[in-house]
Amino acid sequence: MPVFTLPPLPSEDNRWKIVNGTMRKNGYARHALIEALHTVQSSFGCLDDDAIRFVAQSLRVPLSQAYGVATFYHYFTLKPPGKHTITICAGTACYIKGSDKLIAAAERKLGIKQGQTTADGEISLMIARCVGACSRAPVMLCDGELSGQMSAEQVQAQLERWAVE
Amino acid sequence: MTIEELDQIAASARSEREKFEHEINVCHGTGCLSQHSDRVKESIAQALQALGKNAYVRRTGCMGLCAAGPLVLVDPEGSLYQHVNPSHAEKIAASLDDKPVEELQCNLREHFDQQVHIVLENSGRIDPERVEDYIASDGYRALLMALNDMTPQGVVRQITESGLRGRGGGGYPTGLKWGTVAKAKGDVKYVICNGDEGDPGAFMDRSVLESDPHRVLEGMAIAAYAVGASKGYIYVRAEYPLAVSRLTSCLRDARRHGLLGNNIGNTHFNFDVEIRLGAGAFVCGEETALIASIEGRRGTPRPRPPYPASSGLWGKPTLINNVETFANIAPIIRKGSRWFAGIGSARSKGTKVFALTGKITNTGLVEVPMGIKLREIIEVIGGGVPGGHKFKAVQTGGPSGGCLPESMLDIGVSYDALQSVGSIMGSGGMIVMDDTSCMVNVARFFMEFCMTESCGKCVPCRAGTAQMHTLLTRICTGAGTMDDLALIEDLCSTVKETSLCGLGQTAPNPVLSTLKYFRNEYIEHIVEKRCRAGVCNMEAAAEVLA
């Protein structure tokens, strides 16, 4: 019977060791696929082809299945994010409080659509399905930091601060 | 760990507390933290030191009234301060042993007086990451009582007699579910806590996990003892990083104190819990989809039976309950089923936590006894609609629920009553809308949500939600006809009757309920090309009509 050997790390990058660590902790079991992809995304910012291939081979999961999981869940992204990310919540409470105006303001200011990154790779505009801070609606996350009761002007002011940097 | 040792920890935590004359609790829930309540805590601590005051400053979980955050509660005086910022620290510190700071006081008696706290009894009162705090408020006592003095059957019986029903939305009797898993054959069984709070506009589970994580762990351990499981999973959304980090630290503490792991309470009972992160899929709230996700696959549901109770995670008997359900367990074991059954209405016992949001003055988290009138929640506890606007509808149950008009506000909140008027209890989101919301647009919003969240496995849901969304968009842009309306109604019943899982079966609810109570708004959009709330942009269509 052929003995299974683990694939080599894709590159010298130390972050691959973190990914490998998550898989080793789970005994390279197939059910660790989502956990491993979470580690890839938190280390590298997105899931690229190399990463999906590496994880799939390490866990002996068909590549199609790994790709299927990576594209099924909204939290995973295959495109690298910009230097900064602004996430505007479009949950029900935020929608009722006018989050569509915030989204429109950000789109106008950045000249991109939701889910895209500016051409210079500086800012990504993302939409969240509810971040669970509904009592402070409408909310936005700037590089993960939450601010509540936002207005379109405040969104634009934040984007300007980033542009000046 | 024995009951005596637990008592010792509780006693030493209490005597530690008695060294201080005052306790200053600073809310560190998500809402208050987003307004930098951590800085408030720091500056209060500094001010106390500078003034040489003898007080203990504690970070706590959510106090509920997020609208007035950041909140600070001073005990034993019981003064609650609202909208506190670091510059108020000195005033608060100086006010100890003196009169409370008047300009910061939050006087919302009616908001708190109507509430009954079971699930939230420790929220805003203890430091979520200090197991000693939890033990000092009777934490883990129920677990040790169950292990030492009760049989697993006895635990199931007590839960059954309490009348507790699943708080995730379905309202299935919890005792019955536990009994089924307990009776299922198999040496390996699992307990899963469903913390995939996908319903947009709801944050009860997040708050419970962030404010009192040990309570959920204790509930899971008692459940595991009752059904004969030795391994548990908590499935939490990756969007809740604070909940995940607090849970991780609490798991470590519980293991260190011998409250999780092997030989819990010096008995032969072993149980441990692992955290699994969700990855943003609403459908994973459905139990079979959630199981698929824990197994590392795409979260698609499968037909039931077999139910997870007989064949769940990796084909083994599995108990799945919601965060809030588990949070109710310890008090029921501690205080008895009769006490719990005495709260609430005839067929819905206990309390329900609601996330009160939208166009309402006191946004935040409330816990009310079942059977309370919707009107009381909205007008008394919630403080009504702000800004001189008029109440239009209240939405419960998220994308699976419905919108209820003013005329329905006098029904009592219970699983059956809400269902009979076309909505559902759901997990506890309660979103209030005023006259600036267009009900057709709200229906379109929810349909868009269901369309993008449909997993695509069954055709009625995948194609039906997309078609309904197209039709609703036509109506919202003024291109709709009365035939479209008939088609929507027809599609609603098809999708409802033939979808595989709860997502599709309930997706038409927001449309059906708005059609039932706000049909005139649909007609206005179609015939007069007019949106009375001014939300839908119909100018182009209106011009053609003119």
# chains A, B, ... in the order shown; residues from 1 in each chain; ligands from 1
>>> interface_residues(of="chain A", to="chain B", cutoff="6 Å", atoms="only C-alpha atoms", output="CSV table (one decimal) with all heavy atoms, in the first residue's frame")
chain,number,residue,atom,x,y,z
A,31,HIS,N,-12.0,16.7,7.9
A,31,HIS,CA,-13.0,17.7,8.4
A,31,HIS,C,-12.3,19.0,8.8
A,31,HIS,O,-13.0,19.9,9.2
A,31,HIS,CB,-13.8,17.1,9.5
A,31,HIS,CG,-13.0,16.7,10.7
A,31,HIS,ND1,-12.5,17.6,11.6
A,31,HIS,CD2,-12.6,15.4,11.2
A,31,HIS,CE1,-11.9,16.9,12.6
A,31,HIS,NE2,-11.9,15.6,12.3
A,32,ALA,N,-10.9,19.0,8.8
A,32,ALA,CA,-10.2,20.2,9.1
A,32,ALA,C,-10.1,21.2,8.0
A,32,ALA,O,-9.5,22.3,8.1
A,32,ALA,CB,-8.9,19.9,9.7
A,33,LEU,N,-10.8,20.9,6.9
A,33,LEU,CA,-10.7,21.7,5.7
A,33,LEU,C,-11.1,23.2,5.9
A,33,LEU,O,-10.3,24.1,5.6
A,33,LEU,CB,-11.6,21.2,4.5
A,33,LEU,CG,-11.6,21.9,3.2
A,33,LEU,CD1,-10.2,22.1,2.6
A,33,LEU,CD2,-12.6,21.3,2.2
A,34,ILE,N,-12.2,23.4,6.6
A,34,ILE,CA,-12.7,24.8,6.8
A,34,ILE,C,-11.8,25.5,7.8
A,34,ILE,O,-11.4,26.7,7.6
A,34,ILE,CB,-14.1,24.8,7.3
A,34,ILE,CG1,-15.1,24.3,6.1
A,34,ILE,CG2,-14.6,26.2,7.7
A,34,ILE,CD1,-16.5,24.2,6.5
A,69,VAL,N,-15.8,24.3,-1.3
A,69,VAL,CA,-16.0,24.9,0.0
A,69,VAL,C,-15.5,26.4,0.0
A,69,VAL,O,-16.2,27.2,0.5
A,69,VAL,CB,-15.2,24.1,1.0
A,69,VAL,CG1,-15.1,24.8,2.3
A,69,VAL,CG2,-15.9,22.7,1.3
A,73,TYR,N,-18.7,29.5,0.9
A,73,TYR,CA,-18.9,30.3,2.1
A,73,TYR,C,-18.5,31.8,1.7
A,73,TYR,O,-17.4,32.0,1.2
A,73,TYR,CB,-18.0,29.8,3.2
A,73,TYR,CG,-18.5,28.5,3.7
A,73,TYR,CD1,-17.9,27.3,3.3
A,73,TYR,CD2,-19.6,28.4,4.6
A,73,TYR,CE1,-18.4,26.1,3.8
A,73,TYR,CE2,-20.0,27.2,5.1
A,73,TYR,CZ,-19.4,26.0,4.7
A,73,TYR,OH,-19.9,24.8,5.2
A,74,HIS,N,-19.4,32.7,2.1
A,74,HIS,CA,-19.1,34.1,1.8
A,74,HIS,C,-17.9,34.7,2.5
A,74,HIS,O,-17.3,35.7,2.1
A,74,HIS,CB,-20.3,35.0,2.3
A,74,HIS,CG,-21.6,34.6,1.6
A,74,HIS,ND1,-21.7,34.6,0.3
A,74,HIS,CD2,-22.8,34.1,2.1
A,74,HIS,CE1,-23.0,34.1,0.0
A,74,HIS,NE2,-23.6,33.9,1.1
A,75,TYR,N,-17.5,34.1,3.7
A,75,TYR,CA,-16.4,34.7,4.4
A,75,TYR,C,-15.1,34.5,3.7
A,75,TYR,O,-14.2,35.3,3.9
A,75,TYR,CB,-16.4,34.0,5.8
A,75,TYR,CG,-15.5,34.7,6.8
A,75,TYR,CD1,-16.0,35.8,7.5
A,75,TYR,CD2,-14.3,34.2,7.1
A,75,TYR,CE1,-15.3,36.4,8.4
A,75,TYR,CE2,-13.5,34.9,8.1
A,75,TYR,CZ,-14.0,36.0,8.7
A,75,TYR,OH,-13.3,36.6,9.7
A,91,GLY,N,-27.2,44.4,7.0
A,91,GLY,CA,-28.2,43.6,7.7
A,91,GLY,C,-29.5,44.3,7.8
A,91,GLY,O,-29.6,45.5,7.4
A,92,THR,N,-30.6,43.7,8.3
A,92,THR,CA,-31.9,44.3,8.3
A,92,THR,C,-32.0,45.6,9.1
A,92,THR,O,-32.5,46.6,8.6
A,92,THR,CB,-32.9,43.3,8.9
A,92,THR,OG1,-32.7,42.0,8.4
A,92,THR,CG2,-34.3,43.7,8.6
A,93,ALA,N,-31.4,45.6,10.3
A,93,ALA,CA,-31.5,46.8,11.1
A,93,ALA,C,-30.7,48.0,10.4
A,93,ALA,O,-31.2,49.1,10.4
A,93,ALA,CB,-30.9,46.6,12.5
A,130,CYS,N,-24.5,41.3,8.2
A,130,CYS,CA,-24.9,41.5,9.6
A,130,CYS,C,-23.7,41.2,10.4
A,130,CYS,O,-23.2,40.1,10.4
A,130,CYS,CB,-26.1,40.7,10.1
A,130,CYS,SG,-26.6,41.2,11.7
A,132,GLY,N,-23.9,41.8,13.7
A,132,GLY,CA,-24.4,41.6,15.0
A,132,GLY,C,-24.2,42.8,16.0
A,132,GLY,O,-24.2,42.7,17.2
A,134,CYS,N,-26.4,45.4,15.8
A,134,CYS,CA,-27.6,46.0,15.2
A,134,CYS,C,-28.1,47.2,16.0
A,134,CYS,O,-28.8,48.1,15.5
A,134,CYS,CB,-28.7,45.0,15.1
A,134,CYS,SG,-28.1,43.4,14.4
A,135,SER,N,-27.8,47.2,17.3
A,135,SER,CA,-28.3,48.2,18.2
A,135,SER,C,-27.6,49.6,17.9
A,135,SER,O,-28.1,50.6,18.3
A,135,SER,CB,-28.1,47.9,19.6
A,135,SER,OG,-26.8,47.5,19.9
A,146,LEU,N,-15.1,48.5,14.6
A,146,LEU,CA,-16.5,48.8,14.4
A,146,LEU,C,-16.9,50.2,14.8
A,146,LEU,O,-16.5,50.7,15.9
A,146,LEU,CB,-17.3,47.8,15.2
A,146,LEU,CG,-18.8,47.7,15.0
A,146,LEU,CD1,-19.1,46.2,14.8
A,146,LEU,CD2,-19.6,48.3,16.1
A,147,SER,N,-17.6,51.0,13.9
A,147,SER,CA,-18.2,52.2,14.4
A,147,SER,C,-19.7,52.2,14.0
A,147,SER,O,-20.1,51.7,13.0
A,147,SER,CB,-17.5,53.4,13.6
A,147,SER,OG,-16.3,53.1,13.2
>>> residues_around(residues="Ala463 of chain B", least_positions_apart="3", cutoff="12 Å", atoms="only C-alpha atoms", output="list in words")
Met447, Cys450, Met451, Thr452, Ser454, Cys455, Gly456, Lys457, Cys458, Val459, Pro460, Ala466, Gln467, Met468, His469, Thr470, Leu491, Cys492, Thr494, Val495, Ser499 and Gly504 of chain B
>>> select_by_dssp(residues="segment 69-162 of chain A", states="strand (DSSP E)", output="ChimeraX atom specification")
/A:84-89,123-128,140-142,145-147
>>> residues_around(residues="Glu153 of chain A", least_positions_apart="5", cutoff="12 Å", atoms="only C-alpha atoms", output="ChimeraX atom specification")
/A:101-106,108-109,158-160
>>> write_last_selection(atoms="N, CA and C atoms", output="PDB file, in the first residue's frame")
ATOM      1  N   LYS A 101     -27.621  54.193   1.698  1.00  0.00           N
ATOM      2  CA  LYS A 101     -27.038  55.512   1.416  1.00  0.00           C
ATOM      3  C   LYS A 101     -25.537  55.513   1.708  1.00  0.00           C
ATOM      4  N   LEU A 102     -25.138  54.788   2.756  1.00  0.00           N
ATOM      5  CA  LEU A 102     -23.708  54.694   3.073  1.00  0.00           C
ATOM      6  C   LEU A 102     -22.974  53.973   1.945  1.00  0.00           C
ATOM      7  N   ILE A 103     -23.587  52.893   1.460  1.00  0.00           N
ATOM      8  CA  ILE A 103     -22.945  52.116   0.398  1.00  0.00           C
ATOM      9  C   ILE A 103     -22.798  52.976  -0.856  1.00  0.00           C
ATOM     10  N   ALA A 104     -23.880  53.697  -1.184  1.00  0.00           N
ATOM     11  CA  ALA A 104     -23.841  54.557  -2.373  1.00  0.00           C
ATOM     12  C   ALA A 104     -22.760  55.626  -2.231  1.00  0.00           C
ATOM     13  N   ALA A 105     -22.645  56.204  -1.023  1.00  0.00           N
ATOM     14  CA  ALA A 105     -21.646  57.252  -0.794  1.00  0.00           C
ATOM     15  C   ALA A 105     -20.237  56.697  -0.976  1.00  0.00           C
ATOM     16  N   ALA A 106     -20.000  55.501  -0.442  1.00  0.00           N
ATOM     17  CA  ALA A 106     -18.671  54.896  -0.549  1.00  0.00           C
ATOM     18  C   ALA A 106     -18.360  54.546  -2.004  1.00  0.00           C
ATOM     19  N   ARG A 108     -19.538  55.995  -4.658  1.00  0.00           N
ATOM     20  CA  ARG A 108     -19.305  57.226  -5.392  1.00  0.00           C
ATOM     21  C   ARG A 108     -17.892  57.749  -5.125  1.00  0.00           C
ATOM     22  N   LYS A 109     -17.529  57.741  -3.860  1.00  0.00           N
ATOM     23  CA  LYS A 109     -16.243  58.289  -3.440  1.00  0.00           C
ATOM     24  C   LYS A 109     -15.078  57.485  -4.042  1.00  0.00           C
ATOM     25  N   GLN A 158     -14.010  59.214   6.477  1.00  0.00           N
ATOM     26  CA  GLN A 158     -13.081  58.118   6.781  1.00  0.00           C
ATOM     27  C   GLN A 158     -12.254  57.765   5.538  1.00  0.00           C
ATOM     28  N   LEU A 159     -12.934  57.700   4.393  1.00  0.00           N
ATOM     29  CA  LEU A 159     -12.229  57.339   3.163  1.00  0.00           C
ATOM     30  C   LEU A 159     -11.202  58.406   2.809  1.00  0.00           C
ATOM     31  N   GLU A 160     -11.528  59.660   3.103  1.00  0.00           N
ATOM     32  CA  GLU A 160     -10.568  60.739   2.837  1.00  0.00           C
ATOM     33  C   GLU A 160      -9.337  60.616   3.733  1.00  0.00           C
TER      34      GLU A 160
END
>>> residues_around(residues="Lys183 of chain B", least_positions_apart="2", cutoff="10 Å", atoms="only C-alpha atoms", output="PyMOL selection string")
chain B and resi 153+178-181+185-186+227-228+309-310+317
>>> write_last_selection(atoms="N, CA and C atoms", output="compact mmCIF listing (two decimals), in the first residue's frame")
# COMPACT_ATOMS: atom_id res chain seq x y z
N GLN B 153 -31.62 10.20 33.19
CA GLN B 153 -33.06 10.23 32.92
C GLN B 153 -33.74 11.32 33.73
N TRP B 178 -33.93 15.83 23.81
CA TRP B 178 -32.91 15.20 24.65
C TRP B 178 -33.25 13.73 24.87
N GLY B 179 -34.55 13.46 25.14
CA GLY B 179 -34.97 12.08 25.38
C GLY B 179 -34.69 11.21 24.17
N THR B 180 -34.93 11.73 22.96
CA THR B 180 -34.70 10.95 21.74
C THR B 180 -33.22 10.62 21.59
N VAL B 181 -32.35 11.62 21.81
CA VAL B 181 -30.91 11.36 21.67
C VAL B 181 -30.45 10.41 22.77
N LYS B 185 -29.34 4.49 20.02
CA LYS B 185 -28.28 3.52 20.29
C LYS B 185 -26.95 4.03 19.74
N GLY B 186 -25.87 3.75 20.44
CA GLY B 186 -24.55 4.16 19.98
C GLY B 186 -23.68 4.55 21.15
N VAL B 227 -27.67 12.98 27.76
CA VAL B 227 -27.85 12.15 26.56
C VAL B 227 -26.72 11.12 26.39
N GLY B 228 -25.67 11.22 27.21
CA GLY B 228 -24.58 10.25 27.12
C GLY B 228 -23.54 10.60 26.07
N ALA B 309 -30.86 13.39 15.67
CA ALA B 309 -30.96 12.67 16.94
C ALA B 309 -30.60 11.20 16.78
N SER B 310 -30.82 10.62 15.57
CA SER B 310 -30.43 9.23 15.38
C SER B 310 -29.18 9.12 14.51
N PRO B 317 -25.56 9.65 16.76
CA PRO B 317 -26.65 10.42 17.37
C PRO B 317 -26.13 11.77 17.88
>>> residues_around(residues="Gly412 of chain B", least_positions_apart="2", cutoff="8 Å", atoms="only C-alpha atoms", output="PDB file with N, CA and C atoms, in the first residue's frame")
ATOM      1  N   MET B 370     -42.506  35.114  28.320  1.00  0.00           N
ATOM      2  CA  MET B 370     -43.383  34.753  27.210  1.00  0.00           C
ATOM      3  C   MET B 370     -44.797  35.207  27.542  1.00  0.00           C
ATOM      4  N   GLY B 371     -45.539  35.578  26.518  1.00  0.00           N
ATOM      5  CA  GLY B 371     -46.922  35.981  26.736  1.00  0.00           C
ATOM      6  C   GLY B 371     -47.088  37.492  26.862  1.00  0.00           C
ATOM      7  N   ILE B 372     -45.973  38.214  27.013  1.00  0.00           N
ATOM      8  CA  ILE B 372     -46.045  39.677  27.102  1.00  0.00           C
ATOM      9  C   ILE B 372     -46.528  40.216  25.757  1.00  0.00           C
ATOM     10  N   LYS B 373     -47.295  41.316  25.795  1.00  0.00           N
ATOM     11  CA  LYS B 373     -47.823  41.855  24.539  1.00  0.00           C
ATOM     12  C   LYS B 373     -46.723  42.548  23.748  1.00  0.00           C
ATOM     13  N   LEU B 374     -46.797  42.424  22.437  1.00  0.00           N
ATOM     14  CA  LEU B 374     -45.838  43.104  21.565  1.00  0.00           C
ATOM     15  C   LEU B 374     -45.838  44.594  21.845  1.00  0.00           C
ATOM     16  N   ASP B 410     -51.412  43.679  19.974  1.00  0.00           N
ATOM     17  CA  ASP B 410     -51.941  43.250  21.257  1.00  0.00           C
ATOM     18  C   ASP B 410     -51.916  41.745  21.454  1.00  0.00           C
ATOM     19  N   SER B 414     -45.745  34.431  21.832  1.00  0.00           N
ATOM     20  CA  SER B 414     -45.501  33.014  22.065  1.00  0.00           C
ATOM     21  C   SER B 414     -45.341  32.356  20.707  1.00  0.00           C
ATOM     22  N   ALA B 417     -48.845  31.907  18.992  1.00  0.00           N
ATOM     23  CA  ALA B 417     -49.567  33.130  18.654  1.00  0.00           C
ATOM     24  C   ALA B 417     -48.925  33.820  17.456  1.00  0.00           C
TER      25      ALA B 417
END
>>> residues_around(residues="segment 50-61 of chain B", least_positions_apart="2", cutoff="6 Å", atoms="only C-alpha atoms", output="PyMOL selection string")
chain B and resi 20-29+47-48+123-124+126-127+211
>>> write_last_selection(atoms="all heavy atoms", output="short mmCIF file (atom, residue, chain, number, x, y, z; two decimals), in the first residue's frame")
data_model
loop_
_atom_site.label_atom_id
_atom_site.label_comp_id
_atom_site.auth_asym_id
_atom_site.auth_seq_id
_atom_site.Cartn_x
_atom_site.Cartn_y
_atom_site.Cartn_z
N PHE B 20 -13.78 45.72 48.90
CA PHE B 20 -14.04 47.02 48.28
C PHE B 20 -15.40 47.55 48.70
O PHE B 20 -16.35 46.79 48.88
CB PHE B 20 -14.03 46.88 46.75
CG PHE B 20 -12.70 46.45 46.21
CD1 PHE B 20 -12.45 45.12 45.92
CD2 PHE B 20 -11.70 47.37 45.98
CE1 PHE B 20 -11.23 44.71 45.43
CE2 PHE B 20 -10.48 46.97 45.49
CZ PHE B 20 -10.24 45.63 45.21
N GLU B 21 -15.48 48.86 48.87
CA GLU B 21 -16.75 49.45 49.27
C GLU B 21 -17.68 49.62 48.07
O GLU B 21 -18.89 49.62 48.21
CB GLU B 21 -16.53 50.81 49.92
CG GLU B 21 -16.02 50.71 51.34
CD GLU B 21 -15.44 52.02 51.82
OE1 GLU B 21 -15.94 53.08 51.38
OE2 GLU B 21 -14.48 51.98 52.61
N HIS B 22 -17.08 49.78 46.89
CA HIS B 22 -17.90 50.01 45.70
C HIS B 22 -17.42 49.10 44.57
O HIS B 22 -16.27 48.72 44.53
CB HIS B 22 -17.79 51.46 45.22
CG HIS B 22 -18.11 52.45 46.28
ND1 HIS B 22 -19.39 52.85 46.55
CD2 HIS B 22 -17.32 53.12 47.14
CE1 HIS B 22 -19.36 53.73 47.54
NE2 HIS B 22 -18.11 53.90 47.91
N GLU B 23 -18.36 48.83 43.68
CA GLU B 23 -18.00 48.13 42.46
C GLU B 23 -18.42 49.01 41.31
O GLU B 23 -19.55 49.50 41.28
CB GLU B 23 -18.77 46.82 42.34
CG GLU B 23 -18.22 45.72 43.18
CD GLU B 23 -19.05 44.47 43.01
OE1 GLU B 23 -19.61 44.25 41.92
OE2 GLU B 23 -19.17 43.73 43.99
N ILE B 24 -17.51 49.21 40.37
CA ILE B 24 -17.89 49.97 39.18
C ILE B 24 -17.83 49.03 37.99
O ILE B 24 -16.76 48.52 37.64
CB ILE B 24 -16.94 51.17 38.99
CG1 ILE B 24 -17.03 52.06 40.24
CG2 ILE B 24 -17.32 51.95 37.74
CD1 ILE B 24 -16.22 53.31 40.15
N ASN B 25 -19.01 48.75 37.42
CA ASN B 25 -19.08 47.83 36.29
C ASN B 25 -19.13 48.62 35.00
O ASN B 25 -20.01 49.46 34.81
CB ASN B 25 -20.33 46.97 36.40
CG ASN B 25 -20.29 46.08 37.63
OD1 ASN B 25 -19.35 45.33 37.83
ND2 ASN B 25 -21.31 46.19 38.48
N VAL B 26 -18.19 48.35 34.11
CA VAL B 26 -18.16 49.05 32.83
C VAL B 26 -18.50 48.04 31.73
O VAL B 26 -17.86 47.00 31.61
CB VAL B 26 -16.77 49.65 32.55
CG1 VAL B 26 -16.79 50.47 31.28
CG2 VAL B 26 -16.33 50.51 33.72
N CYS B 27 -19.54 48.35 30.94
CA CYS B 27 -20.00 47.42 29.91
C CYS B 27 -18.94 47.26 28.82
O CYS B 27 -18.45 48.25 28.26
CB CYS B 27 -21.30 47.92 29.30
SG CYS B 27 -21.90 46.85 28.00
N HIS B 28 -18.58 46.02 28.54
CA HIS B 28 -17.66 45.71 27.45
C HIS B 28 -18.34 44.85 26.39
O HIS B 28 -17.74 43.93 25.84
CB HIS B 28 -16.41 45.01 27.98
CG HIS B 28 -15.37 45.96 28.52
ND1 HIS B 28 -15.68 46.95 29.42
CD2 HIS B 28 -14.04 46.10 28.27
CE1 HIS B 28 -14.58 47.64 29.71
NE2 HIS B 28 -13.58 47.14 29.02
N GLY B 29 -19.62 45.11 26.18
CA GLY B 29 -20.32 44.43 25.09
C GLY B 29 -19.90 45.07 23.77
O GLY B 29 -19.25 46.13 23.76
N ALA B 47 -8.61 57.48 37.76
CA ALA B 47 -9.21 58.51 38.61
C ALA B 47 -9.38 58.00 40.03
O ALA B 47 -9.16 58.74 41.00
CB ALA B 47 -10.55 58.93 38.03
N LEU B 48 -9.77 56.72 40.18
CA LEU B 48 -9.97 56.16 41.52
C LEU B 48 -8.66 56.14 42.28
O LEU B 48 -8.60 56.46 43.46
CB LEU B 48 -10.51 54.72 41.40
CG LEU B 48 -11.97 54.60 40.96
CD1 LEU B 48 -12.29 53.16 40.64
CD2 LEU B 48 -12.90 55.12 42.04
N SER B 123 -25.46 38.77 32.71
CA SER B 123 -24.95 39.70 31.71
C SER B 123 -24.86 41.09 32.29
O SER B 123 -25.83 41.60 32.84
CB SER B 123 -25.87 39.74 30.49
OG SER B 123 -25.76 38.54 29.80
N GLY B 124 -23.70 41.70 32.18
CA GLY B 124 -23.53 43.04 32.72
C GLY B 124 -23.28 43.05 34.21
O GLY B 124 -23.23 44.10 34.83
N ILE B 126 -21.14 40.25 35.67
CA ILE B 126 -19.89 39.53 35.96
C ILE B 126 -18.88 39.78 34.85
O ILE B 126 -19.24 40.19 33.75
CB ILE B 126 -20.13 38.00 36.08
CG1 ILE B 126 -20.62 37.41 34.75
CG2 ILE B 126 -21.12 37.69 37.19
CD1 ILE B 126 -20.57 35.90 34.70
N ASP B 127 -17.62 39.52 35.17
CA ASP B 127 -16.58 39.57 34.15
C ASP B 127 -16.66 38.24 33.39
O ASP B 127 -16.44 37.18 33.97
CB ASP B 127 -15.22 39.74 34.82
CG ASP B 127 -14.10 39.87 33.80
OD1 ASP B 127 -14.26 39.36 32.67
OD2 ASP B 127 -13.07 40.48 34.14
N SER B 211 -21.09 37.71 26.94
CA SER B 211 -21.32 38.21 28.30
C SER B 211 -21.26 37.12 29.35
O SER B 211 -20.98 37.39 30.51
CB SER B 211 -22.68 38.89 28.38
OG SER B 211 -22.82 39.83 27.37
#
>>> select_by_dssp(residues="chain A", states="alpha helix (DSSP H)", output="ChimeraX atom specification")
/A:15-25,33-44,49-59,63-72,92-96,99-110,152-164
>>> write_last_selection(atoms="C-alpha atoms", output="tab-separated table (two decimals), in the first residue's frame")
chain	number	residue	atom	x	y	z
A	15	ARG	CA	3.04	31.68	7.15
A	16	TRP	CA	2.75	28.26	5.52
A	17	LYS	CA	4.05	26.79	8.76
A	18	ILE	CA	1.10	28.35	10.60
A	19	VAL	CA	-1.29	26.78	8.07
A	20	ASN	CA	0.48	23.47	8.44
A	21	GLY	CA	0.24	23.78	12.22
A	22	THR	CA	-3.56	24.03	12.09
A	23	MET	CA	-3.77	20.93	9.93
A	24	ARG	CA	-1.33	19.00	12.11
A	25	LYS	CA	-3.33	19.92	15.22
A	33	LEU	CA	-10.69	21.74	5.66
A	34	ILE	CA	-12.68	24.79	6.78
A	35	GLU	CA	-10.39	25.35	9.78
A	36	ALA	CA	-7.34	25.20	7.51
A	37	LEU	CA	-8.86	27.64	5.02
A	38	HIS	CA	-9.67	30.02	7.88
A	39	THR	CA	-5.99	29.93	8.88
A	40	VAL	CA	-4.90	30.59	5.28
A	41	GLN	CA	-7.23	33.55	5.01
A	42	SER	CA	-6.22	35.08	8.35
A	43	SER	CA	-2.51	34.64	7.46
A	44	PHE	CA	-2.52	35.61	3.79
A	49	ASP	CA	-4.79	28.70	-6.08
A	50	ASP	CA	-1.53	27.64	-4.42
A	51	ALA	CA	-3.11	27.72	-0.99
A	52	ILE	CA	-6.21	25.74	-1.97
A	53	ARG	CA	-4.04	23.16	-3.78
A	54	PHE	CA	-1.68	22.85	-0.80
A	55	VAL	CA	-4.49	22.42	1.74
A	56	ALA	CA	-6.37	19.96	-0.48
A	57	GLN	CA	-3.29	17.79	-0.99
A	58	SER	CA	-2.32	17.87	2.67
A	59	LEU	CA	-5.79	16.79	3.79
A	63	LEU	CA	-9.31	19.72	-5.30
A	64	SER	CA	-12.88	20.17	-6.57
A	65	GLN	CA	-14.22	19.76	-3.06
A	66	ALA	CA	-11.74	22.22	-1.57
A	67	TYR	CA	-12.58	24.75	-4.29
A	68	GLY	CA	-16.27	24.09	-3.70
A	69	VAL	CA	-15.95	24.89	-0.01
A	70	ALA	CA	-13.80	27.97	-0.67
A	71	THR	CA	-16.41	29.42	-3.02
A	72	PHE	CA	-19.51	28.32	-1.08
A	92	THR	CA	-31.90	44.27	8.32
A	93	ALA	CA	-31.46	46.82	11.11
A	94	CYS	CA	-28.81	48.70	9.12
A	95	TYR	CA	-30.97	48.56	5.98
A	96	ILE	CA	-33.93	50.05	7.87
A	99	SER	CA	-27.22	51.64	5.03
A	100	ASP	CA	-27.93	51.81	1.27
A	101	LYS	CA	-27.04	55.51	1.42
A	102	LEU	CA	-23.71	54.69	3.07
A	103	ILE	CA	-22.94	52.12	0.40
A	104	ALA	CA	-23.84	54.56	-2.37
A	105	ALA	CA	-21.65	57.25	-0.79
A	106	ALA	CA	-18.67	54.90	-0.55
A	107	GLU	CA	-19.17	53.66	-4.12
A	108	ARG	CA	-19.31	57.23	-5.39
A	109	LYS	CA	-16.24	58.29	-3.44
A	110	LEU	CA	-14.11	55.31	-4.46
A	152	ALA	CA	-22.83	59.12	4.53
A	153	GLU	CA	-20.60	62.11	5.41
A	154	GLN	CA	-18.76	60.15	8.08
A	155	VAL	CA	-18.12	57.32	5.62
A	156	GLN	CA	-16.68	59.77	3.10
A	157	ALA	CA	-14.59	61.46	5.80
A	158	GLN	CA	-13.08	58.12	6.78
A	159	LEU	CA	-12.23	57.34	3.16
A	160	GLU	CA	-10.57	60.74	2.84
A	161	ARG	CA	-8.44	60.08	5.91
A	162	TRP	CA	-7.17	56.90	4.25
A	163	ALA	CA	-6.51	58.73	0.99
A	164	VAL	CA	-4.31	61.29	2.76
>>> residues_around(residues="His84 of chain A", least_positions_apart="5", cutoff="7 Å", atoms="only C-alpha atoms", output="VMD selection string")
chain A and resid 122 to 124 143
>>> atom_distance(atom1="atom CA of Ala540 of chain B", atom2="atom CA of Asn520 of chain B")
21.1 Å
